[in-house]
Structures are given as structure tokens and as C-alpha cells.
$ cat structure_22.cif   # mmCIF, C-alpha atoms
data_start
#
loop_
_atom_site.label_atom_id
_atom_site.label_comp_id
_atom_site.auth_asym_id
_atom_site.auth_seq_id
_atom_site.Cartn_x
_atom_site.Cartn_y
_atom_site.Cartn_z
CA MET O 203 77.57 120.91 125.42
CA PRO O 204 76.44 122.93 122.39
CA VAL O 205 72.81 122.70 121.32
CA ILE O 206 71.86 124.24 117.99
CA ALA O 207 68.26 124.20 116.78
CA MET O 208 67.92 124.85 113.07
CA THR O 209 65.23 125.23 110.48
CA ARG O 210 66.02 125.57 106.80
CA GLU O 211 64.25 126.00 103.49
CA MET O 212 64.53 123.25 100.89
CA GLY O 213 67.42 124.00 98.57
CA SER O 214 68.89 126.69 100.83
CA LEU O 215 71.99 124.61 101.61
CA GLY O 216 70.88 124.38 105.23
CA LYS O 217 71.76 120.69 105.22
CA ASP O 218 75.34 121.58 104.27
CA VAL O 219 75.46 124.16 107.06
CA ALA O 220 74.28 121.57 109.61
CA LEU O 221 76.87 119.05 108.43
CA GLY O 222 79.57 121.73 108.53
CA LEU O 223 78.68 122.55 112.12
CA ALA O 224 78.72 118.88 113.05
CA GLU O 225 82.18 118.45 111.58
CA ALA O 226 83.59 121.64 113.06
CA LEU O 227 82.22 121.08 116.56
CA ASP O 228 81.97 117.27 116.66
CA LEU O 229 78.19 117.34 117.02
CA GLN O 230 75.48 114.85 116.12
CA VAL O 231 73.00 115.98 113.47
CA VAL O 232 69.42 114.90 114.17
CA HIS O 233 66.47 115.49 111.87
CA HIS O 234 62.96 114.11 112.07
CA GLU O 235 63.61 111.21 109.68
CA VAL O 236 66.11 109.80 112.20
CA VAL O 237 63.60 109.58 115.04
CA GLU O 238 60.36 108.87 113.19
CA ARG O 239 60.37 105.25 114.36
CA ASP O 240 60.79 106.19 118.04
CA LEU O 241 58.16 108.89 117.69
CA ALA O 242 55.74 106.47 116.04
CA ASP O 243 56.30 103.86 118.76
CA ARG O 244 55.69 106.32 121.55
CA ALA O 245 52.58 107.78 119.90
CA HIS O 246 51.27 104.29 118.98
CA LEU O 247 51.06 105.21 115.31
CA LYS O 248 52.43 103.77 112.08
CA GLU O 249 55.79 105.20 111.07
CA SER O 250 54.40 106.06 107.63
CA VAL O 251 51.60 108.10 109.23
CA VAL O 252 54.06 110.09 111.33
CA HIS O 253 56.28 110.65 108.29
CA ARG O 254 53.42 112.01 106.18
CA PHE O 255 52.36 114.31 108.98
CA LEU O 256 55.85 115.70 109.56
CA GLU O 257 56.19 116.21 105.82
CA GLY O 258 52.93 118.15 105.88
CA ASP O 259 51.01 115.74 103.65
CA PRO O 260 48.59 113.70 105.82
CA GLY O 261 45.06 112.69 104.98
CA MET O 262 42.16 114.19 106.89
CA LEU O 263 41.80 111.17 109.21
CA GLU O 264 45.54 111.00 109.82
CA ARG O 265 45.63 114.71 110.62
CA TRP O 266 42.94 114.15 113.25
CA GLN O 267 44.75 111.12 114.69
CA VAL O 268 48.26 112.54 114.73
CA ARG O 269 48.21 116.23 115.48
CA GLY O 270 47.97 116.24 119.29
CA ARG O 271 50.11 113.21 119.96
CA VAL O 272 52.94 114.14 117.59
CA ALA O 273 53.10 117.68 118.98
CA LEU O 274 53.47 116.33 122.51
CA TYR O 275 55.98 113.58 121.76
CA THR O 276 57.96 115.85 119.44
CA ALA O 277 58.46 118.28 122.34
CA GLU O 278 59.60 115.40 124.56
CA GLU O 279 62.07 114.08 121.98
CA VAL O 280 63.51 117.55 121.35
CA CYS O 281 63.97 118.17 125.08
CA GLU O 282 65.69 114.80 125.55
CA LEU O 283 68.11 115.55 122.72
CA ALA O 284 68.85 119.01 124.09
CA THR O 285 69.44 117.60 127.57
CA ARG O 286 72.09 115.23 126.20
CA GLY O 287 73.70 118.12 124.29
CA ASN O 288 76.36 118.17 121.57
CA VAL O 289 73.72 118.18 118.88
CA VAL O 290 72.34 120.03 115.87
CA ILE O 291 68.58 119.45 115.82
CA ARG O 292 67.39 120.18 112.31
CA GLY O 293 63.71 120.85 111.84
CA TRP O 294 60.63 119.34 113.52
CA GLY O 295 59.89 122.35 115.70
CA ALA O 296 63.10 122.39 117.73
CA THR O 297 63.53 126.13 117.26
CA HIS O 298 60.07 126.67 118.76
CA VAL O 299 60.28 124.12 121.58
CA LEU O 300 63.74 125.23 122.73
CA ARG O 301 63.32 128.98 122.19
CA PRO O 302 62.98 129.67 125.96
CA VAL O 303 66.33 127.97 126.76
CA PRO O 304 69.10 130.61 126.94
CA HIS O 305 72.01 128.40 125.83
CA VAL O 306 70.28 127.01 122.72
CA VAL O 307 71.15 128.80 119.49
CA CYS O 308 68.08 128.99 117.21
CA VAL O 309 68.96 129.44 113.54
CA ARG O 310 67.07 129.78 110.28
CA VAL O 311 68.81 129.18 106.94
CA CYS O 312 67.07 130.59 103.88
CA ALA O 313 67.73 131.70 100.30
CA PRO O 314 65.84 133.24 97.38
CA LEU O 315 63.63 130.89 95.38
CA GLU O 316 65.84 131.16 92.28
CA LEU O 317 68.91 129.87 94.12
CA ARG O 318 66.95 127.14 95.83
CA THR O 319 65.52 126.01 92.51
CA ARG O 320 68.99 125.74 90.97
CA VAL O 321 70.30 123.80 93.96
CA LEU O 322 67.40 121.35 93.88
CA MET O 323 67.70 120.83 90.12
CA GLN O 324 71.38 119.97 90.58
CA ARG O 325 70.72 117.61 93.49
CA LEU O 326 67.87 115.83 91.70
CA GLY O 327 69.76 115.72 88.41
CA ILE O 328 66.93 117.33 86.45
CA ASP O 329 66.78 120.26 84.03
CA ASP O 330 63.08 121.10 84.44
CA GLU O 331 62.91 124.29 86.48
CA ALA O 332 59.14 124.10 86.85
CA ILE O 333 59.28 120.69 88.54
CA ALA O 334 61.91 121.85 91.03
CA ARG O 335 60.03 125.05 91.77
CA ARG O 336 56.77 123.19 92.39
CA GLU O 337 58.49 120.77 94.78
CA ILE O 338 60.00 123.66 96.74
CA GLU O 339 56.66 125.46 96.94
CA ARG O 340 54.92 122.25 98.04
CA ASN O 341 57.58 121.67 100.69
CA ASP O 342 57.37 125.25 101.98
CA ALA O 343 53.59 125.02 102.26
CA ALA O 344 53.83 121.65 104.02
CA HIS O 345 56.31 122.94 106.60
CA ALA O 346 54.26 126.07 107.21
CA ARG O 347 51.15 123.95 107.70
CA THR O 348 52.88 121.52 110.07
CA MET O 349 54.36 124.27 112.26
CA LEU O 350 51.01 126.02 112.41
CA GLN O 351 49.22 122.80 113.35
CA LEU O 352 51.78 121.66 115.92
CA PHE O 353 52.84 124.92 117.52
CA SER O 354 50.61 127.71 116.14
CA ALA O 355 53.81 129.32 114.87
CA ASP O 356 54.88 130.99 111.62
CA TRP O 357 58.20 129.32 110.80
CA GLN O 358 59.23 132.23 108.53
CA ASP O 359 58.92 134.86 111.25
CA PRO O 360 62.49 136.00 112.12
CA VAL O 361 61.60 136.79 115.74
CA HIS O 362 61.68 133.04 116.45
CA TYR O 363 65.43 132.91 115.72
CA ASP O 364 68.69 134.25 117.09
CA LEU O 365 70.27 134.23 113.65
CA VAL O 366 68.82 134.22 110.12
CA LEU O 367 71.29 133.43 107.33
CA ASN O 368 70.75 133.93 103.60
CA THR O 369 73.06 131.56 101.73
CA GLU O 370 72.85 133.66 98.56
CA ARG O 371 74.81 136.31 100.44
CA VAL O 372 76.65 134.23 103.06
CA PRO O 373 78.65 131.15 101.93
CA THR O 374 77.95 127.95 103.84
CA GLN O 375 81.33 127.90 105.59
CA GLU O 376 80.81 131.48 106.74
CA CYS O 377 77.36 130.45 107.98
CA VAL O 378 79.07 127.73 110.02
CA GLY O 379 81.50 130.31 111.39
CA GLN O 380 78.72 132.77 112.27
CA ILE O 381 76.73 130.13 114.15
CA ARG O 382 79.84 128.82 115.87
CA ARG O 383 80.88 132.30 117.02
CA LEU O 384 77.40 133.01 118.35
CA GLY O 385 77.32 129.70 120.19
CA GLU O 386 80.72 130.41 121.74
CA SER O 387 79.74 133.90 122.87
CA SER O 388 79.03 134.62 126.52
CA ALA O 389 75.31 135.06 125.78
CA PHE O 390 74.91 131.39 124.85
CA GLN O 391 77.04 129.63 127.42
CA GLU O 392 75.35 126.81 129.29
CA THR O 393 74.85 127.67 132.94
CA GLU O 394 73.09 126.17 135.90
CA ALA O 395 70.26 128.63 135.33
CA SER O 396 69.92 127.76 131.64
CA ARG O 397 69.93 124.03 132.46
CA GLU O 398 67.10 124.69 134.90
CA VAL O 399 65.08 126.37 132.15
CA LEU O 400 65.59 123.36 129.89
CA ALA O 401 64.56 121.04 132.73
CA ASP O 402 61.42 123.12 133.25
CA VAL O 403 60.56 122.95 129.55
CA ARG O 404 61.14 119.20 129.61
CA LEU O 405 58.95 118.64 132.67
CA SER O 406 56.21 120.79 131.12
CA ALA O 407 56.32 118.59 128.02
CA TYR O 408 55.86 115.43 130.10
CA VAL O 409 52.97 117.00 132.01
CA ARG O 410 51.18 117.95 128.79
CA THR O 411 51.67 114.44 127.46
CA ALA O 412 50.22 112.93 130.62
CA LEU O 413 47.14 115.15 130.38
CA ARG O 414 46.69 114.30 126.71
CA GLU O 415 47.15 110.56 127.17
CA CYS O 416 44.91 110.05 130.19
CA PRO O 417 41.30 109.16 129.22
CA GLU O 418 40.04 111.31 132.12
CA THR O 419 41.62 114.49 130.77
CA GLN O 420 41.49 114.06 127.00
CA SER O 421 38.24 116.00 126.86
CA SER O 422 38.06 119.16 124.77
CA GLY O 423 36.41 120.65 127.85
CA LEU O 424 39.84 121.05 129.44
CA ILE O 425 42.07 123.92 128.31
CA VAL O 426 45.24 124.07 130.38
CA ASP O 427 48.46 126.06 130.40
CA VAL O 428 51.35 124.41 132.26
CA ALA O 429 54.13 126.14 134.21
CA ALA O 430 56.66 123.75 135.74
CA SER O 431 59.70 124.06 137.99
CA ALA O 432 61.87 120.97 137.72
CA ARG O 433 64.01 122.00 140.70
CA SER O 434 61.10 122.23 143.14
CA GLY O 435 58.88 119.77 141.33
CA ARG O 436 56.02 122.25 141.52
CA VAL O 437 53.61 122.53 138.60
CA THR O 438 51.02 125.26 138.22
CA LEU O 439 47.96 124.63 136.08
CA ARG O 440 45.97 127.53 134.68
CA GLY O 441 43.03 127.48 132.31
CA PHE O 442 39.46 126.29 132.18
CA ALA O 443 37.57 123.06 132.74
CA ALA O 444 34.01 122.20 131.78
CA SER O 445 33.35 120.58 135.17
CA GLU O 446 34.72 120.35 138.68
CA GLU O 447 35.41 116.64 138.07
CA LEU O 448 37.57 117.46 135.07
CA ARG O 449 39.42 120.18 136.96
CA LEU O 450 40.27 117.77 139.78
CA ALA O 451 41.14 114.98 137.35
CA ALA O 452 43.78 117.21 135.78
CA GLU O 453 45.34 117.76 139.18
CA ARG O 454 45.38 114.01 139.92
CA VAL O 455 47.00 113.17 136.58
CA VAL O 456 49.72 115.80 136.94
CA SER O 457 50.44 114.71 140.52
CA GLY O 458 51.36 111.29 139.16
CA VAL O 459 53.98 112.54 136.70
CA SER O 460 57.54 111.61 137.63
CA GLY O 461 59.37 114.58 139.09
CA VAL O 462 56.21 116.41 140.20
CA THR O 463 56.03 116.96 143.96
CA ALA O 464 53.25 119.54 144.21
CA VAL O 465 50.46 120.89 142.00
CA THR O 466 48.89 124.33 142.24
CA ASN O 467 45.54 124.03 140.52
CA GLN O 468 44.39 127.42 139.24
CA VAL O 469 42.12 125.95 136.57
CA LEU O 470 38.73 127.65 136.62
CA ARG O 471 35.43 125.94 136.05
CA MET O 472 33.66 127.24 132.96
CA ARG O 473 30.35 128.91 133.50
CA THR O 474 27.35 127.20 131.97
CA ASN O 475 24.16 128.74 130.65
CA ASP O 476 21.86 126.71 132.84
#
$ encode --input "structure_22.cif" --output "C-alpha cells"
Amino acid sequence: MPVIAMTREMGSLGKDVALGLAEALDLQVVHHEVVERDLADRAHLKESVVHRFLEGDPGMLERWQVRGRVALYTAEEVCELATRGNVVIRGWGATHVLRPVPHVVCVRVCAPLELRTRVLMQRLGIDDEAIARREIERNDAAHARTMLQLFSADWQDPVHYDLVLNTERVPTQECVGQIRRLGESSAFQETEASREVLADVRLSAYVRTALRECPETQSSGLIVDVAASARSGRVTLRGFAASEELRLAAERVVSGVSGVTAVTNQVLRMRTND
């Protein structure tokens, strides 16, 4: 069940590449606009607020309200989609969330600004190059800001991807062929081991959500890293807590997450200057 995670620059023809992959491999294409309503429902936020955040254009209050919840629920949604398989997940951090999973192909589609400007002018039916260029630059900045806020990641860094394609040099159909060949190679075949990694990533996402949503553990005095094994149900917590009560509360919350059978609590209590 192929899973392709893709990020693309506006005007780079990445949308055409995604559609070409979907047609060639009979895959579903999912991008954040498709799931904004579900994401908003789960995060208890207005759909318009989630949309503005994912587009990188929220107000200050919205940024404060949305950042943590959207990051958590985005990871959950991406993991659910990847678990079902047969999908191209375009944007919204999928390349970052699914990077640890061996059978997921992570792709970036890019192009020089001049080409992207021409493509956008054609698609918008305008002849003002300055307007198209400003929209591209605004979109790039918004995506960079969103990825930094959600995942502390630089979306332009090639080390996050298995394949980076420049559509000025590589035609879209050849891009489709390159991604398809990589996905069909032995390195990216889905195995029992790779499914376990995805299950671990998924369980970790649900644990982080539980910690974020519980009033007992929402405190900024809790800084936790989660390592989960879906097969054994064991979760290890590492980090720091401002109090012993908060440290133990984290353990209680995680113990109640579906699929968790044991918790190893290695969270340390922060020293105070009493």
C-alpha cells in the first residue's frame, strides 16, 4: 500500500505531480484543505481558524490558540492516512511526521522563482508579474513559518526528503516516474518492521495529544519526550517536570491511552532555587 508524503512550492507543478502519481498508481490525493473540517472538529476550533493557521496567516490570538492543538491533531491525521495506505499526502507536515517510517517516500517538488511566477500567472489568468511574485513569496514565508511553529523544521532543507525534484529540469511525467520507481524499489517496500515503526509513531502521536489535552498535564512546567512501542504497548517518558505531582500526573494520563500497557517514567523533577 504505497504512501507518498509530498511538499511542494507554489507554482512548481507539484500539484500536477501528485495528480499524476494518483492516476498512475490509483492513489488518493489528500491535502490539508480536504481534512480541515475534521481537524477543526477534533481540536474544537473554527474551520476558518485552522485554515488561516495552516496557510500561515493567523492572528496573534489564533496563533496562541491553535499551535499546540493543530500540531498534535495533524500528526494523528497523517498517521491515520498512512496506516490506511494507497495515498499521496500533500503538505501539512506529512514529510516530517512520517520521516521515520521506512516505507514512506518523502518528496519535495521545487522550481526556480521565475518558472513558478510564470505558472502562477497562467493559472490565475493575470499578466502582472509583480502580483504573482508577491503571492509566491507570501506563500513561501507562510509555509516556512507554519512548519517552524508546528515541527521546528526547515521545510526547504533537503535532508528531510528522499527525493528533491526541480520541475524546471525534470518534466512532471518524469517526476512521476522517478517517484514511482523509488517507491517500487526494495528500499521502500512495506514490511512488518516498517508497519511497526508507523504504529509506534501513531501511538506516540496519541500519547502527546493526551498529555496536551488533559488539564493536569497542560502546564508549561512539563517538558516530555515520548518513545512508544505499539507492539508491546510500552511507553517511555523522558524530560522534566516542575513538580512530583506533575511528573506522576503525566504517567497516569499516558497509562489511560488506548493501546498503552506499561509506562516507564523517566521524567526528572526540575530543581528549584529554594
$ resolve_selection --input "structure_22.cif" --expression "the PyMOL selection byres ((chain O and resi 426-434) around 12)" --output "JSON, numbers by chain"
{"O": [394, 395, 397, 398, 399, 400, 401, 402, 403, 404, 405, 406, 407, 408, 409, 410, 411, 412, 413, 414, 419, 420, 421, 422, 423, 424, 425, 435, 436, 437, 438, 439, 440, 441, 442, 443, 444, 448, 449, 452, 453, 456, 457, 459, 460, 461, 462, 463, 464, 465, 466, 467, 468, 469, 470, 471]}
$ closest_residue --input "structure_22.cif" --among "O:Glu370, O:Glu282, O:Glu418, O:Glu386" --to "Gly216 in chain O" --atoms "only C-alpha atoms"
O:Glu370
$ residues_around --input "structure_22.cif" --residues "range 305-314 of chain O" --least-positions-apart "5" --cutoff "7 Å" --atoms "all atoms listed in the file" --output "PyMOL selection string"
chain O and resi 205-211+214+216+297+300+363-370+385+390-392+396
$ atom_distance --input "structure_22.cif" --atom1 "CA of Leu322 in chain O" --atom2 "CA of Val280 in chain O"
28.0 Å
$ axis_aligned_box --input "structure_22.cif" --around "range 463-467 of chain O" --padding-each-side "3 Å" --output "JSON"
{"center_x": 50.8, "center_y": 120.6, "center_z": 142.4, "size_x": 16.5, "size_y": 13.4, "size_z": 9.7}
$ closest_residue --input "structure_22.cif" --among "O:Leu384, O:Ile338, O:Val372, O:Met472" --to "Pro204 in chain O" --atoms "all atoms listed in the file"
O:Leu384
$ residues_around --input "structure_22.cif" --residues "Leu215 in chain O" --least-positions-apart "2" --cutoff "8 Å" --atoms "only C-alpha atoms" --output "list in words"
Arg210, Met212, Gly213, Lys217, Asp218, Val219, Val311, Val321, Thr369 and Thr374 of chain O
$ resolve_selection --input "structure_22.cif" --expression "the PyMOL selection byres ((chain O and resi 323) around 12)" --output "list of chain:residue names"
O:Met212, O:Gly213, O:Glu316, O:Leu317, O:Arg318, O:Thr319, O:Arg320, O:Val321, O:Leu322, O:Gln324, O:Arg325, O:Leu326, O:Gly327, O:Ile328, O:Asp329, O:Asp330, O:Glu331, O:Ala332, O:Ile333, O:Ala334, O:Arg335, O:Arg336, O:Glu337, O:Ile338
$ atom_distance --input "structure_22.cif" --atom1 "CA of Asn288 in chain O" --atom2 "CA of Leu350 in chain O"
28.1 Å
$ atom_distance --input "structure_22.cif" --atom1 "CA of Gly287 in chain O" --atom2 "CA of Ile381 in chain O"
16.0 Å
$ decode --input "structure_22.cif" --residues "range 358-406 of chain O" --atoms "N, CA and C atoms" --output "tab-separated table (two decimals), in the first residue's frame"
chain	number	residue	atom	x	y	z
O	358	GLN	N	12.64	23.66	3.61
O	358	GLN	CA	13.48	23.72	2.42
O	358	GLN	C	14.76	22.89	2.56
O	359	ASP	N	15.00	22.34	3.72
O	359	ASP	CA	16.22	21.56	3.95
O	359	ASP	C	16.08	20.20	3.26
O	360	PRO	N	16.96	19.88	2.30
O	360	PRO	CA	16.82	18.63	1.53
O	360	PRO	C	17.00	17.37	2.35
O	361	VAL	N	17.63	17.46	3.53
O	361	VAL	CA	17.85	16.24	4.32
O	361	VAL	C	16.54	15.65	4.84
O	362	HIS	N	15.45	16.41	4.76
O	362	HIS	CA	14.16	15.89	5.22
O	362	HIS	C	13.50	14.98	4.17
O	363	TYR	N	14.08	14.88	2.98
O	363	TYR	CA	13.42	14.21	1.87
O	363	TYR	C	14.28	13.10	1.28
O	364	ASP	N	13.60	12.11	0.69
O	364	ASP	CA	14.28	11.05	-0.03
O	364	ASP	C	14.58	11.47	-1.46
O	365	LEU	N	13.77	12.40	-1.97
O	365	LEU	CA	13.91	12.83	-3.36
O	365	LEU	C	13.48	14.28	-3.48
O	366	VAL	N	14.34	15.10	-4.10
O	366	VAL	CA	14.01	16.50	-4.37
O	366	VAL	C	14.03	16.68	-5.88
O	367	LEU	N	12.92	17.17	-6.44
O	367	LEU	CA	12.76	17.27	-7.89
O	367	LEU	C	12.54	18.72	-8.30
O	368	ASN	N	13.32	19.16	-9.27
O	368	ASN	CA	13.23	20.51	-9.81
O	368	ASN	C	12.51	20.43	-11.16
O	369	THR	N	11.27	20.93	-11.21
O	369	THR	CA	10.46	20.77	-12.42
O	369	THR	C	10.91	21.66	-13.57
O	370	GLU	N	11.87	22.55	-13.34
O	370	GLU	CA	12.47	23.25	-14.48
O	370	GLU	C	13.34	22.29	-15.28
O	371	ARG	N	13.94	21.33	-14.60
O	371	ARG	CA	14.84	20.39	-15.24
O	371	ARG	C	14.19	19.04	-15.52
O	372	VAL	N	13.22	18.68	-14.67
O	372	VAL	CA	12.60	17.35	-14.79
O	372	VAL	C	11.12	17.53	-15.08
O	373	PRO	N	10.63	17.13	-16.27
O	373	PRO	CA	9.20	17.25	-16.60
O	373	PRO	C	8.33	16.51	-15.59
O	374	THR	N	7.08	16.94	-15.46
O	374	THR	CA	6.21	16.38	-14.43
O	374	THR	C	6.03	14.87	-14.59
O	375	GLN	N	5.88	14.39	-15.82
O	375	GLN	CA	5.70	12.95	-16.00
O	375	GLN	C	6.94	12.17	-15.61
O	376	GLU	N	8.12	12.76	-15.85
O	376	GLU	CA	9.35	12.10	-15.40
O	376	GLU	C	9.46	12.15	-13.88
O	377	CYS	N	8.96	13.23	-13.27
O	377	CYS	CA	8.90	13.28	-11.80
O	377	CYS	C	8.04	12.14	-11.27
O	378	VAL	N	6.89	11.93	-11.90
O	378	VAL	CA	6.02	10.82	-11.52
O	378	VAL	C	6.77	9.50	-11.63
O	379	GLY	N	7.48	9.32	-12.73
O	379	GLY	CA	8.23	8.09	-12.94
O	379	GLY	C	9.33	7.90	-11.91
O	380	GLN	N	10.04	8.99	-11.58
O	380	GLN	CA	11.12	8.89	-10.58
O	380	GLN	C	10.57	8.49	-9.22
O	381	ILE	N	9.47	9.12	-8.82
O	381	ILE	CA	8.88	8.79	-7.51
O	381	ILE	C	8.35	7.37	-7.52
O	382	ARG	N	7.71	7.00	-8.61
O	382	ARG	CA	7.16	5.65	-8.71
O	382	ARG	C	8.27	4.60	-8.62
O	383	ARG	N	9.37	4.83	-9.34
O	383	ARG	CA	10.47	3.86	-9.31
O	383	ARG	C	11.08	3.76	-7.91
O	384	LEU	N	11.21	4.89	-7.24
O	384	LEU	CA	11.75	4.86	-5.89
O	384	LEU	C	10.81	4.11	-4.96
O	385	GLY	N	9.51	4.36	-5.08
O	385	GLY	CA	8.55	3.68	-4.24
O	385	GLY	C	8.49	2.18	-4.47
O	386	GLU	N	8.81	1.77	-5.69
O	386	GLU	CA	8.78	0.35	-6.04
O	386	GLU	C	10.09	-0.36	-5.75
O	387	SER	N	11.11	0.39	-5.37
O	387	SER	CA	12.41	-0.20	-5.09
O	387	SER	C	12.36	-0.99	-3.78
O	388	SER	N	13.33	-1.86	-3.60
O	388	SER	CA	13.34	-2.72	-2.41
O	388	SER	C	13.48	-1.90	-1.13
O	389	ALA	N	14.11	-0.72	-1.22
O	389	ALA	CA	14.33	0.10	-0.02
O	389	ALA	C	13.04	0.62	0.58
O	390	PHE	N	11.97	0.72	-0.23
O	390	PHE	CA	10.74	1.33	0.24
O	390	PHE	C	9.55	0.38	0.25
O	391	GLN	N	9.84	-0.91	0.31
O	391	GLN	CA	8.75	-1.87	0.40
O	391	GLN	C	8.22	-1.94	1.83
O	392	GLU	N	6.91	-2.02	1.94
O	392	GLU	CA	6.29	-2.13	3.26
O	392	GLU	C	6.56	-3.51	3.84
O	393	THR	N	7.02	-3.53	5.06
O	393	THR	CA	7.33	-4.78	5.75
O	393	THR	C	6.67	-4.75	7.12
O	394	GLU	N	6.73	-5.90	7.78
O	394	GLU	CA	6.21	-5.95	9.14
O	394	GLU	C	6.96	-4.97	10.05
O	395	ALA	N	8.26	-4.88	9.83
O	395	ALA	CA	9.06	-3.95	10.65
O	395	ALA	C	8.70	-2.50	10.38
O	396	SER	N	8.48	-2.16	9.10
O	396	SER	CA	8.14	-0.76	8.79
O	396	SER	C	6.74	-0.41	9.28
O	397	ARG	N	5.83	-1.40	9.27
O	397	ARG	CA	4.49	-1.16	9.81
O	397	ARG	C	4.55	-0.93	11.32
O	398	GLU	N	5.47	-1.62	11.97
O	398	GLU	CA	5.64	-1.42	13.41
O	398	GLU	C	6.13	-0.01	13.71
O	399	VAL	N	7.05	0.49	12.88
O	399	VAL	CA	7.54	1.86	13.08
O	399	VAL	C	6.39	2.85	12.94
O	400	LEU	N	5.56	2.66	11.92
O	400	LEU	CA	4.41	3.55	11.73
O	400	LEU	C	3.47	3.45	12.92
O	401	ALA	N	3.24	2.25	13.42
O	401	ALA	CA	2.37	2.09	14.59
O	401	ALA	C	2.95	2.78	15.81
O	402	ASP	N	4.27	2.74	15.94
O	402	ASP	CA	4.93	3.43	17.06
O	402	ASP	C	4.76	4.94	16.94
O	403	VAL	N	4.95	5.46	15.73
O	403	VAL	CA	4.77	6.90	15.50
O	403	VAL	C	3.33	7.32	15.81
O	404	ARG	N	2.41	6.47	15.38
O	404	ARG	CA	0.98	6.75	15.62
O	404	ARG	C	0.65	6.77	17.10
O	405	LEU	N	1.13	5.75	17.83
O	405	LEU	CA	0.87	5.70	19.27
O	405	LEU	C	1.50	6.89	19.99
O	406	SER	N	2.70	7.27	19.57
O	406	SER	CA	3.36	8.44	20.16
O	406	SER	C	2.53	9.69	19.96
